[in-house]
>>> print(open('run_8.cif').read())   # mmCIF, C-alpha atoms
data_model
#
loop_
_atom_site.label_atom_id
_atom_site.label_comp_id
_atom_site.auth_asym_id
_atom_site.auth_seq_id
_atom_site.Cartn_x
_atom_site.Cartn_y
_atom_site.Cartn_z
CA MET X 21 -20.09 42.08 11.49
CA ARG X 22 -18.75 42.82 14.94
CA ILE X 23 -15.44 44.54 15.56
CA SER X 24 -13.91 41.18 16.52
CA GLU X 25 -14.74 39.73 13.11
CA LEU X 26 -13.52 42.91 11.39
CA SER X 27 -10.25 42.40 13.28
CA GLU X 28 -10.02 38.76 12.30
CA ARG X 29 -10.72 39.33 8.62
CA SER X 30 -8.36 42.31 8.32
CA GLY X 31 -5.61 40.91 10.55
CA ILE X 32 -5.61 44.21 12.46
CA ALA X 33 -5.89 44.28 16.28
CA VAL X 34 -9.19 45.47 17.81
CA ALA X 35 -7.32 48.18 19.76
CA THR X 36 -5.83 49.51 16.51
CA ILE X 37 -9.24 49.53 14.81
CA LYS X 38 -10.68 51.48 17.77
CA TYR X 39 -7.81 53.95 17.44
CA TYR X 40 -8.58 54.42 13.74
CA LEU X 41 -12.26 54.96 14.60
CA ARG X 42 -11.34 57.66 17.13
CA GLU X 43 -9.01 59.35 14.64
CA GLY X 44 -11.68 59.33 11.94
CA LEU X 45 -9.78 57.03 9.59
CA LEU X 46 -12.74 54.68 9.59
CA PRO X 47 -16.42 55.75 9.63
CA PRO X 48 -18.34 54.64 12.74
CA GLY X 49 -20.28 51.39 12.61
CA VAL X 50 -24.04 51.15 13.13
CA ARG X 51 -24.79 51.04 16.89
CA THR X 52 -26.57 47.80 17.83
CA SER X 53 -26.35 48.29 21.62
CA PRO X 54 -24.68 50.83 23.94
CA ASN X 55 -21.45 48.81 23.78
CA GLN X 56 -21.62 47.33 20.32
CA ALA X 57 -21.62 48.43 16.71
CA SER X 58 -21.91 46.59 13.44
CA TYR X 59 -19.48 46.95 10.54
CA ASP X 60 -19.74 45.98 6.88
CA GLU X 61 -17.59 45.20 3.82
CA GLN X 62 -17.01 48.92 3.24
CA HIS X 63 -15.29 49.11 6.62
CA LEU X 64 -13.08 46.18 5.76
CA ARG X 65 -12.16 47.75 2.47
CA ARG X 66 -11.37 51.11 4.06
CA LEU X 67 -9.32 49.40 6.76
CA ARG X 68 -7.12 47.70 4.16
CA LEU X 69 -6.69 51.01 2.37
CA VAL X 70 -5.62 52.72 5.59
CA ARG X 71 -3.09 49.96 6.33
CA ALA X 72 -1.59 50.21 2.84
CA MET X 73 -1.16 53.97 3.21
CA ILE X 74 0.41 53.68 6.67
CA GLU X 75 2.54 50.55 6.31
CA VAL X 76 3.64 50.69 2.69
CA GLY X 77 3.48 54.43 2.09
CA GLY X 78 4.75 55.40 5.53
CA ILE X 79 2.10 58.15 5.65
CA PRO X 80 1.40 59.50 9.19
CA VAL X 81 -2.03 58.70 10.66
CA ALA X 82 -3.03 62.38 10.80
CA THR X 83 -2.19 62.78 7.09
CA VAL X 84 -4.15 59.65 6.18
CA ALA X 85 -7.17 61.20 7.97
CA GLU X 86 -6.78 64.44 6.00
CA VAL X 87 -6.40 62.61 2.69
CA LEU X 88 -9.46 60.46 3.33
CA ALA X 89 -11.54 63.48 4.38
CA ALA X 90 -10.48 65.28 1.19
CA VAL X 91 -11.18 62.39 -1.16
CA ASP X 92 -14.46 61.54 0.58
CA SER X 93 -15.82 65.06 0.19
CA PRO X 94 -18.44 65.16 -2.60
CA GLU X 95 -17.01 68.43 -3.97
CA MET X 96 -13.69 66.78 -4.81
CA PRO X 97 -13.58 66.06 -8.56
CA LEU X 98 -12.63 62.40 -8.94
CA PHE X 99 -9.70 63.26 -11.08
CA HIS X 100 -8.08 65.38 -8.37
CA VAL X 101 -7.85 62.42 -6.01
CA LEU X 102 -4.54 61.43 -7.60
CA GLY X 103 -3.04 64.81 -6.73
CA VAL X 104 -4.29 64.71 -3.13
CA VAL X 105 -2.80 61.29 -2.46
CA GLN X 106 0.46 62.28 -4.17
CA GLY X 107 0.64 65.41 -2.05
CA SER X 108 0.48 63.26 1.09
CA LEU X 109 3.64 61.40 0.11
CA GLY X 110 6.00 63.98 1.51
CA THR X 111 9.15 64.23 -0.56
CA PRO X 112 11.98 66.37 0.75
CA VAL X 113 12.90 69.54 -1.07
CA PRO X 114 16.50 69.71 0.04
CA ALA X 115 17.66 73.07 -1.28
CA ALA X 116 16.72 76.74 -1.34
CA PRO X 117 16.78 78.70 -4.60
CA ASP X 118 20.31 79.96 -5.41
CA ALA X 119 22.55 79.81 -8.48
CA GLU X 120 22.98 76.03 -8.21
CA TRP X 121 19.23 75.62 -7.80
CA GLU X 122 18.60 77.79 -10.87
CA ARG X 123 21.00 75.68 -12.92
CA ALA X 124 19.28 72.45 -11.81
CA HIS X 125 15.85 73.91 -12.47
CA ALA X 126 16.94 74.89 -15.98
CA THR X 127 18.01 71.27 -16.60
CA VAL X 128 14.55 70.01 -15.58
CA ARG X 129 12.86 72.73 -17.64
CA ALA X 130 14.92 71.88 -20.72
CA GLU X 131 13.97 68.20 -20.49
CA MET X 132 10.27 69.02 -20.10
CA ASP X 133 10.35 71.63 -22.90
CA ARG X 134 11.97 69.13 -25.22
CA ARG X 135 9.01 66.81 -24.59
CA GLY X 136 6.39 69.54 -24.71
CA TRP X 137 5.27 68.71 -21.16
CA ASP X 138 3.32 71.22 -19.08
CA MET X 139 5.13 72.29 -15.88
CA LYS X 140 2.05 73.87 -14.23
CA PRO X 141 0.37 70.78 -12.73
CA SER X 142 3.47 69.49 -10.87
CA PRO X 143 5.19 72.34 -8.99
CA GLN X 144 5.94 70.17 -5.93
CA ALA X 145 7.42 67.24 -7.87
CA ILE X 146 9.48 69.63 -10.02
CA ASP X 147 10.87 71.26 -6.84
CA THR X 148 11.76 67.85 -5.43
CA LEU X 149 13.49 66.83 -8.65
CA THR X 150 15.38 70.14 -8.75
CA GLY X 151 16.50 69.59 -5.16
CA VAL X 152 17.79 66.12 -6.07
CA LEU X 153 19.88 67.55 -8.92
CA VAL X 154 21.31 70.18 -6.55
CA ARG X 155 22.32 67.39 -4.16
CA ALA X 156 23.95 65.44 -6.98
CA ALA X 157 25.91 68.57 -7.97
CA GLN X 158 27.03 69.02 -4.34
CA LEU X 159 28.23 65.41 -4.32
CA GLY X 160 30.37 66.21 -7.34
CA TYR X 161 28.05 65.13 -10.17
CA PRO X 162 26.73 68.37 -11.70
CA ASP X 163 25.98 66.58 -14.98
CA TRP X 164 24.07 63.65 -13.57
CA GLY X 165 20.76 65.38 -14.33
CA THR X 166 21.61 65.95 -17.97
CA GLU X 167 22.86 62.39 -18.32
CA ALA X 168 20.11 60.60 -16.42
CA LEU X 169 16.94 62.62 -17.08
CA PRO X 170 16.22 61.40 -20.64
CA ALA X 171 16.13 57.73 -19.54
CA TYR X 172 14.30 58.53 -16.29
CA PHE X 173 11.64 60.56 -18.12
CA ASP X 174 11.18 57.84 -20.77
CA ALA X 175 10.78 55.25 -18.00
CA ALA X 176 8.37 57.41 -15.98
CA ARG X 177 6.23 57.99 -19.07
CA LEU X 178 5.92 54.22 -19.64
CA VAL X 179 4.81 53.69 -16.05
CA ALA X 180 2.47 56.70 -16.00
CA GLU X 181 0.62 55.52 -19.14
CA ASN X 182 -0.11 52.31 -17.27
CA ASP X 183 -1.01 54.14 -14.02
CA VAL X 184 -3.47 56.54 -15.61
CA ALA X 185 -5.15 53.71 -17.54
CA THR X 186 -5.58 51.88 -14.21
CA ALA X 187 -7.11 54.98 -12.57
CA LEU X 188 -9.45 55.62 -15.51
CA ALA X 189 -10.79 52.06 -15.31
CA ALA X 190 -12.44 52.93 -11.97
CA ASP X 191 -16.22 52.62 -11.90
CA SER X 192 -17.07 54.42 -8.63
CA ARG X 193 -15.68 56.92 -6.15
CA ASP X 194 -14.56 54.20 -3.71
CA ASP X 195 -12.98 52.34 -6.56
CA ILE X 196 -10.97 55.33 -7.76
CA ILE X 197 -9.64 56.00 -4.24
CA ASP X 198 -8.48 52.40 -3.91
CA ARG X 199 -6.94 52.45 -7.37
CA VAL X 200 -5.10 55.71 -6.72
CA VAL X 201 -3.60 54.30 -3.50
CA VAL X 202 -2.54 51.19 -5.41
CA ILE X 203 -0.96 53.34 -8.12
CA THR X 204 0.78 55.91 -5.96
CA VAL X 205 1.66 54.20 -2.68
CA LEU X 206 2.09 50.59 -3.83
CA GLY X 207 3.33 51.70 -7.26
CA ASP X 208 6.19 53.73 -5.77
CA THR X 209 7.34 50.79 -3.66
CA ALA X 210 6.94 48.39 -6.58
CA LEU X 211 8.92 50.58 -8.98
CA SER X 212 11.69 51.08 -6.46
CA ALA X 213 11.93 47.30 -5.87
CA ILE X 214 11.85 46.50 -9.60
CA ARG X 215 14.54 49.12 -10.20
CA ARG X 216 16.81 47.27 -7.71
CA ILE X 217 16.04 43.97 -9.45
CA ALA X 218 16.89 45.54 -12.80
CA GLN X 219 20.11 47.10 -11.45
CA ALA X 220 21.21 43.67 -10.21
CA GLN X 221 20.32 42.08 -13.54
CA VAL X 222 22.12 44.70 -15.64
CA SER X 223 25.16 44.54 -13.32
CA LEU X 224 25.25 40.77 -13.73
CA GLU X 225 25.11 41.04 -17.51
CA ARG X 226 27.93 43.61 -17.53
CA LEU X 227 30.10 41.43 -15.29
CA GLU X 228 29.45 38.32 -17.39
CA THR X 229 30.05 39.85 -20.79
CA GLY X 230 32.24 42.83 -19.92
CA THR X 231 30.31 44.71 -22.58
CA ARG X 232 26.98 46.39 -23.08
CA PRO X 233 24.40 43.74 -23.99
CA THR X 234 22.27 44.39 -27.03
CA ASP X 235 19.01 43.73 -25.11
CA MET G 3 40.39 73.60 7.66
CA ARG G 4 38.85 74.04 11.10
CA ILE G 5 35.48 72.59 12.07
CA SER G 6 33.93 76.09 11.80
CA GLU G 7 34.97 76.32 8.15
CA LEU G 8 33.78 72.76 7.51
CA SER G 9 30.43 73.83 8.95
CA GLU G 10 30.30 76.96 6.83
CA ARG G 11 31.19 75.21 3.57
CA SER G 12 28.80 72.30 4.14
CA GLY G 13 25.95 74.33 5.63
CA ILE G 14 25.82 71.85 8.54
CA ALA G 15 25.91 73.05 12.17
CA VAL G 16 29.11 72.44 14.17
CA ALA G 17 27.11 70.51 16.81
CA THR G 18 25.77 68.17 14.11
CA ILE G 19 29.26 67.60 12.69
CA LYS G 20 30.51 66.75 16.20
CA TYR G 21 27.64 64.29 16.55
CA TYR G 22 28.58 62.64 13.26
CA LEU G 23 32.21 62.41 14.42
CA ARG G 24 31.13 60.69 17.66
CA GLU G 25 28.91 58.27 15.74
CA GLY G 26 31.72 57.41 13.34
CA LEU G 27 29.97 58.81 10.26
CA LEU G 28 32.95 61.05 9.64
CA PRO G 29 36.59 60.06 10.21
CA PRO G 30 38.37 62.14 12.89
CA GLY G 31 40.37 65.18 11.78
CA VAL G 32 44.09 65.58 12.40
CA ARG G 33 44.67 66.95 15.95
CA THR G 34 46.44 70.30 15.87
CA SER G 35 46.03 71.09 19.59
CA PRO G 36 44.22 69.48 22.54
CA ASN G 37 41.03 71.30 21.55
CA GLN G 38 41.37 71.55 17.81
CA ALA G 39 41.53 69.33 14.75
CA SER G 40 42.02 69.99 11.10
CA TYR G 41 39.73 68.69 8.34
CA ASP G 42 40.19 68.40 4.57
CA GLU G 43 38.21 68.12 1.34
CA GLN G 44 37.60 64.41 1.97
CA HIS G 45 35.73 65.33 5.13
CA LEU G 46 33.59 67.81 3.25
CA ARG G 47 32.82 65.22 0.60
CA ARG G 48 31.90 62.58 3.17
CA LEU G 49 29.74 65.09 5.05
CA ARG G 50 27.71 65.82 1.92
CA LEU G 51 27.31 62.09 1.31
CA VAL G 52 26.07 61.54 4.86
CA ARG G 53 23.55 64.38 4.51
CA ALA G 54 22.20 62.99 1.24
CA MET G 55 21.72 59.56 2.80
CA ILE G 56 19.98 60.97 5.89
CA GLU G 57 17.92 63.80 4.42
CA VAL G 58 16.98 62.46 1.00
CA GLY G 59 17.13 58.74 1.67
CA GLY G 60 15.66 58.94 5.17
CA ILE G 61 18.27 56.41 6.33
CA PRO G 62 18.78 56.30 10.13
CA VAL G 63 22.15 57.55 11.42
CA ALA G 64 23.09 54.12 12.82
CA THR G 65 22.42 52.52 9.43
CA VAL G 66 24.47 55.17 7.63
CA ALA G 67 27.38 54.34 9.97
CA GLU G 68 27.05 50.61 9.16
CA VAL G 69 26.85 51.24 5.42
CA LEU G 70 29.92 53.50 5.47
CA ALA G 71 31.90 51.01 7.56
CA ALA G 72 30.98 48.26 5.10
CA VAL G 73 31.84 50.21 1.97
CA ASP G 74 35.04 51.61 3.51
CA SER G 75 36.38 48.16 4.37
CA PRO G 76 39.13 47.16 1.92
CA GLU G 77 37.73 43.61 1.64
CA MET G 78 34.48 44.87 0.13
CA PRO G 79 34.56 44.34 -3.64
CA LEU G 80 33.68 47.65 -5.25
CA PHE G 81 30.84 46.12 -7.14
CA HIS G 82 29.06 45.01 -3.98
CA VAL G 83 28.74 48.58 -2.76
CA LEU G 84 25.52 48.95 -4.75
CA GLY G 85 23.94 46.04 -2.88
CA VAL G 86 25.01 47.33 0.54
CA VAL G 87 23.54 50.79 -0.03
CA GLN G 88 20.36 49.27 -1.49
CA GLY G 89 20.02 47.01 1.54
CA SER G 90 20.05 50.07 3.80
CA LEU G 91 16.98 51.50 2.10
CA GLY G 92 14.51 49.56 4.18
CA THR G 93 11.51 48.57 2.12
CA PRO G 94 8.59 46.98 3.94
CA VAL G 95 7.78 43.35 3.31
CA PRO G 96 4.13 43.54 4.20
CA ALA G 97 3.02 39.92 4.04
CA ALA G 98 3.93 36.45 5.23
CA PRO G 99 4.02 33.51 2.80
CA ASP G 100 0.54 32.04 2.30
CA ALA G 101 -1.58 31.14 -0.74
CA GLU G 102 -1.99 34.78 -1.77
CA TRP G 103 1.72 35.35 -1.35
CA GLU G 104 2.48 32.28 -3.49
CA ARG G 105 0.20 33.57 -6.22
CA ALA G 106 1.88 37.01 -6.17
CA HIS G 107 5.33 35.43 -6.15
CA ALA G 108 4.38 33.33 -9.19
CA THR G 109 3.38 36.54 -11.02
CA VAL G 110 6.79 38.09 -10.32
CA ARG G 111 8.57 34.85 -11.26
CA ALA G 112 6.65 34.61 -14.56
CA GLU G 113 7.61 38.17 -15.51
CA MET G 114 11.29 37.55 -14.70
CA ASP G 115 11.32 34.16 -16.48
CA ARG G 116 9.83 35.74 -19.58
CA ARG G 117 12.77 38.17 -19.60
CA GLY G 118 15.39 35.57 -18.69
CA TRP G 119 16.33 37.54 -15.56
CA ASP G 120 18.16 35.88 -12.69
CA MET G 121 16.21 35.93 -9.40
CA LYS G 122 19.18 35.00 -7.17
CA PRO G 123 20.81 38.43 -6.71
CA SER G 124 17.64 40.24 -5.53
CA PRO G 125 15.82 38.18 -2.88
CA GLN G 126 14.93 41.23 -0.77
CA ALA G 127 13.56 43.33 -3.63
CA ILE G 128 11.60 40.33 -4.96
CA ASP G 129 10.07 39.84 -1.49
CA THR G 130 9.13 43.52 -1.34
CA LEU G 131 7.56 43.39 -4.79
CA THR G 132 5.65 40.22 -3.88
CA GLY G 133 4.38 41.93 -0.72
CA VAL G 134 3.15 44.88 -2.79
CA LEU G 135 1.18 42.58 -5.10
CA VAL G 136 -0.37 40.86 -2.06
CA ARG G 137 -1.47 44.28 -0.78
CA ALA G 138 -2.95 45.17 -4.17
CA ALA G 139 -4.89 41.88 -4.14
CA GLN G 140 -6.18 42.64 -0.63
CA LEU G 141 -7.34 46.04 -1.86
CA GLY G 142 -9.36 44.25 -4.55
CA TYR G 143 -6.90 44.36 -7.46
CA PRO G 144 -5.53 40.81 -7.76
CA ASP G 145 -4.61 41.41 -11.41
CA TRP G 146 -2.75 44.67 -10.96
CA GLY G 147 0.59 42.82 -10.95
CA THR G 148 -0.11 41.06 -14.24
CA GLU G 149 -1.33 44.30 -15.81
CA ALA G 150 1.36 46.63 -14.49
CA LEU G 151 4.55 44.55 -14.27
CA PRO G 152 5.43 44.52 -18.00
CA ALA G 153 5.49 48.34 -18.18
CA TYR G 154 7.17 48.67 -14.77
CA PHE G 155 9.90 46.18 -15.70
CA ASP G 156 10.51 47.86 -19.09
CA ALA G 157 10.78 51.22 -17.30
CA ALA G 158 13.08 49.88 -14.58
CA ARG G 159 15.36 48.32 -17.19
CA LEU G 160 15.72 51.68 -18.96
CA VAL G 161 16.66 53.40 -15.71
CA ALA G 162 18.98 50.59 -14.55
CA GLU G 163 20.98 50.69 -17.81
CA ASN G 164 21.66 54.33 -17.09
CA ASP G 165 22.38 53.70 -13.38
CA VAL G 166 24.90 50.93 -13.97
CA ALA G 167 26.68 52.97 -16.64
CA THR G 168 26.97 55.80 -14.09
CA ALA G 169 28.41 53.43 -11.45
CA LEU G 170 30.87 51.87 -13.90
CA ALA G 171 32.24 55.29 -14.82
CA ALA G 172 33.72 55.59 -11.30
CA ASP G 173 37.49 55.94 -11.15
CA SER G 174 38.16 55.31 -7.44
CA ARG G 175 36.64 53.76 -4.32
CA ASP G 176 35.43 57.13 -2.99
CA ASP G 177 34.02 57.95 -6.38
CA ILE G 178 32.03 54.72 -6.61
CA ILE G 179 30.52 55.25 -3.13
CA ASP G 180 29.40 58.75 -4.06
CA ARG G 181 28.01 57.53 -7.38
CA VAL G 182 26.11 54.67 -5.78
CA VAL G 183 24.48 57.05 -3.28
CA VAL G 184 23.53 59.34 -6.16
CA ILE G 185 22.06 56.40 -8.08
CA THR G 186 20.20 54.68 -5.27
CA VAL G 187 19.19 57.39 -2.80
CA LEU G 188 18.84 60.40 -5.09
CA GLY G 189 17.76 58.20 -8.02
CA ASP G 190 14.80 56.76 -6.09
CA THR G 191 13.59 60.23 -5.11
CA ALA G 192 14.15 61.53 -8.65
CA LEU G 193 12.26 58.65 -10.28
CA SER G 194 9.37 59.00 -7.85
CA ALA G 195 9.13 62.75 -8.57
CA ILE G 196 9.39 62.27 -12.34
CA ARG G 197 6.71 59.59 -12.18
CA ARG G 198 4.36 62.14 -10.55
CA ILE G 199 5.23 64.68 -13.24
CA ALA G 200 4.52 62.07 -15.93
CA GLN G 201 1.23 61.04 -14.29
CA ALA G 202 0.10 64.68 -14.30
CA GLN G 203 1.16 65.07 -17.94
CA VAL G 204 -0.57 61.88 -19.12
CA SER G 205 -3.71 62.79 -17.13
CA LEU G 206 -3.74 66.22 -18.77
CA GLU G 207 -3.42 64.70 -22.25
CA ARG G 208 -6.26 62.25 -21.54
CA LEU G 209 -8.51 65.04 -20.26
CA GLU G 210 -7.74 67.27 -23.24
CA THR G 211 -8.18 64.71 -25.98
CA GLY G 212 -10.47 62.20 -24.29
CA THR G 213 -8.47 59.55 -26.13
CA ARG G 214 -5.15 57.81 -25.91
CA PRO G 215 -2.51 60.05 -27.52
CA THR G 216 -0.22 58.46 -30.06
CA ASP G 217 2.93 59.73 -28.24
#
>>> encode(input="run_8.cif", output="structure tokens")
Amino acid sequence: MRISELSERSGIAVATIKYYLREGLLPPGVRTSPNQASYDEQHLRRLRLVRAMIEVGGIPVATVAEVLAAVDSPEMPLFHVLGVVQGSLGTPVPAAPDAEWERAHATVRAEMDRRGWDMKPSPQAIDTLTGVLVRAAQLGYPDWGTEALPAYFDAARLVAENDVATALAADSRDDIIDRVVVITVLGDTALSAIRRIAQAQVSLERLETGTRPTD
Amino acid sequence: MRISELSERSGIAVATIKYYLREGLLPPGVRTSPNQASYDEQHLRRLRLVRAMIEVGGIPVATVAEVLAAVDSPEMPLFHVLGVVQGSLGTPVPAAPDAEWERAHATVRAEMDRRGWDMKPSPQAIDTLTGVLVRAAQLGYPDWGTEALPAYFDAARLVAENDVATALAADSRDDIIDRVVVITVLGDTALSAIRRIAQAQVSLERLETGTRPTD
């Protein structure tokens, strides 16, 4: 198809598609004349993937290019794709190691030890979580971590079981990349939205009954 | 205390504190001379809250000012504070209502009906979630919603029970504002980080055993 049809089917402006081509977010089409190239379904698919990463995940264009180059490289084991996409979702690490940081890190470590979880594969996420607990302590809630982590870890485990099953159902390299973006980028936004829905629902139940429902 | 001490204790530059004062993110101190004002513990507390919203939540300064004005107003029922802070966490609504949107919305509605959850209090979050399912369908996974929502809703409910209990333990207006920021802003970042930790753990277990663990 021509770039105009690619634009029509994806809902993305021709100028934007040309920008993505220049930045390497989209592989070039097959030249059919000096001024024209032809694109196929793979281009459409990649274009939708790029939009999801940029618009839903808020990932900068340059980072999207790096992630795609990494996951497209044949040396990348398929299973590492999850880590690469996760790494692109920058999460702030808001504190430097000090006594408060050590205390928060010990809280995270205790929760993971209790579950027998390996800390090695997730240094970045563990740092982010530690930073969050430091912030909570600074806001006057030093025990929030201890109180909230058991429920948060139980919830994350439920979701992760589903996520990994979705990733493992992939049948090709392209398919796993798409699935990982669905899981990480869309999944984060979905979980955050559902959490707000659930907070509203639980609040409503508390206000109606004045007690903790048995559900 | 003077602004220099406020800066030292909060770790925030004097120039930044002055900027927050001008933007109304921080109430003015008590004038002690034409060029000096005095600040107290409430200022320090508010400053930490503002930093958490900006640095961890990524909320723009102007939005932080609006949120604080809303939650500070005496007419605001304490229980609505949660909704105001949530509303400030802009989540993209990536699709306009069409047939695909209707299908995705029906998936969300079915899941909420099944649980007997009220859709009225969360129109924005439901729109966001619907938009995510539309994106997943565009990426070639029209059934992701149906497959993932049960686990995501169970997980969100677990977390929300904990969140609402934390909010209800507040003993003053200032306390509830701080708690709601901890729950919404820090909680979102924490859950996202823990989800990555759990994905790594579940992946590791799958790779080691090649089967679904009984855990």
>>> resolve_selection(input="run_8.cif", expression="the PyMOL selection byres ((chain X and resi 63) around 9)", output="VMD selection string")
chain X and resid 26 46 to 49 59 to 62 64 to 68
>>> resolve_selection(input="run_8.cif", expression="the PyMOL selection byres ((chain G) within 7 of (chain X))", output="ChimeraX atom specification")
/G:47,50-51,54,58,94,119-120,123-124,127,130-131,134,137-138,141,150,153-155,157-164,166,180,184,188,190,192-205
>>> residues_near_point(input="run_8.cif", point="(-17.4, 48.7, 22.7)", cutoff="12 Å", atoms="all atoms listed in the file", output="list in words")
Arg22, Ile23, Ser24, Val34, Ala35, Ile37, Lys38, Leu41, Pro48, Gly49, Val50, Arg51, Thr52, Ser53, Pro54, Asn55, Gln56, Ala57 and Ser58 of chain X
>>> axis_aligned_box(input="run_8.cif", around="range 41-60 of chain X", padding_each_side="3 Å", output="JSON")
{"center_x": -17.8, "center_y": 52.7, "center_z": 15.4, "size_x": 23.6, "size_y": 19.4, "size_z": 23.1}
>>> atom_distance(input="run_8.cif", atom1="CA of Glu86 in chain X", atom2="CA of Arg42 in chain X")
13.8 Å
>>> resolve_selection(input="run_8.cif", expression="the PyMOL selection byres ((chain X and resi 120-124) around 6)", output="PyMOL selection string")
chain X and resi 117-119+125-127+150+153-154
>>> atom_distance(input="run_8.cif", atom1="CA of Ala190 in chain X", atom2="CA of Asp145 in chain G")
13.9 Å
>>> atom_distance(input="run_8.cif", atom1="CA of Pro94 in chain X", atom2="CA of Ile197 in chain X")
12.8 Å
>>> decode(input="run_8.cif", residues="range 8-45 of chain G", atoms="C-alpha atoms", output="mmCIF file, in the first residue's frame")
data_model
loop_
_atom_site.group_PDB
_atom_site.id
_atom_site.type_symbol
_atom_site.label_atom_id
_atom_site.label_comp_id
_atom_site.auth_asym_id
_atom_site.auth_seq_id
_atom_site.Cartn_x
_atom_site.Cartn_y
_atom_site.Cartn_z
ATOM 1 C CA LEU G 8 13.242 24.976 55.311
ATOM 2 C CA SER G 9 15.464 24.353 52.292
ATOM 3 C CA GLU G 10 18.009 22.425 54.321
ATOM 4 C CA ARG G 11 15.458 20.206 56.063
ATOM 5 C CA SER G 12 13.493 19.470 52.884
ATOM 6 C CA GLY G 13 16.481 19.135 50.559
ATOM 7 C CA ILE G 14 14.784 21.570 48.156
ATOM 8 C CA ALA G 15 16.626 24.646 46.820
ATOM 9 C CA VAL G 16 15.580 28.070 48.152
ATOM 10 C CA ALA G 17 14.858 29.264 44.585
ATOM 11 C CA THR G 18 12.477 26.321 44.066
ATOM 12 C CA ILE G 19 10.690 27.024 47.366
ATOM 13 C CA LYS G 20 10.261 30.676 46.306
ATOM 14 C CA TYR G 21 8.812 29.478 43.013
ATOM 15 C CA TYR G 22 6.326 27.259 44.849
ATOM 16 C CA LEU G 23 5.354 30.202 47.077
ATOM 17 C CA ARG G 24 4.697 32.385 44.013
ATOM 18 C CA GLU G 25 2.639 29.637 42.382
ATOM 19 C CA GLY G 26 0.569 29.150 45.528
ATOM 20 C CA LEU G 27 1.740 25.585 46.148
ATOM 21 C CA LEU G 28 2.900 26.612 49.591
ATOM 22 C CA PRO G 29 1.090 29.081 51.872
ATOM 23 C CA PRO G 30 3.098 32.249 52.656
ATOM 24 C CA GLY G 31 5.185 32.319 55.830
ATOM 25 C CA VAL G 32 4.661 34.840 58.623
ATOM 26 C CA ARG G 33 6.512 38.109 57.773
ATOM 27 C CA THR G 34 9.166 38.906 60.365
ATOM 28 C CA SER G 35 10.777 41.800 58.438
ATOM 29 C CA PRO G 36 10.356 43.344 54.974
ATOM 30 C CA ASN G 37 12.747 40.745 53.558
ATOM 31 C CA GLN G 38 12.124 37.775 55.787
ATOM 32 C CA ALA G 39 9.368 35.345 56.683
ATOM 33 C CA SER G 40 9.111 32.513 59.130
ATOM 34 C CA TYR G 41 7.959 28.986 58.244
ATOM 35 C CA ASP G 42 6.792 26.078 60.397
ATOM 36 C CA GLU G 43 6.415 22.299 60.350
ATOM 37 C CA GLN G 44 3.220 22.583 58.283
ATOM 38 C CA HIS G 45 5.247 24.219 55.524
#
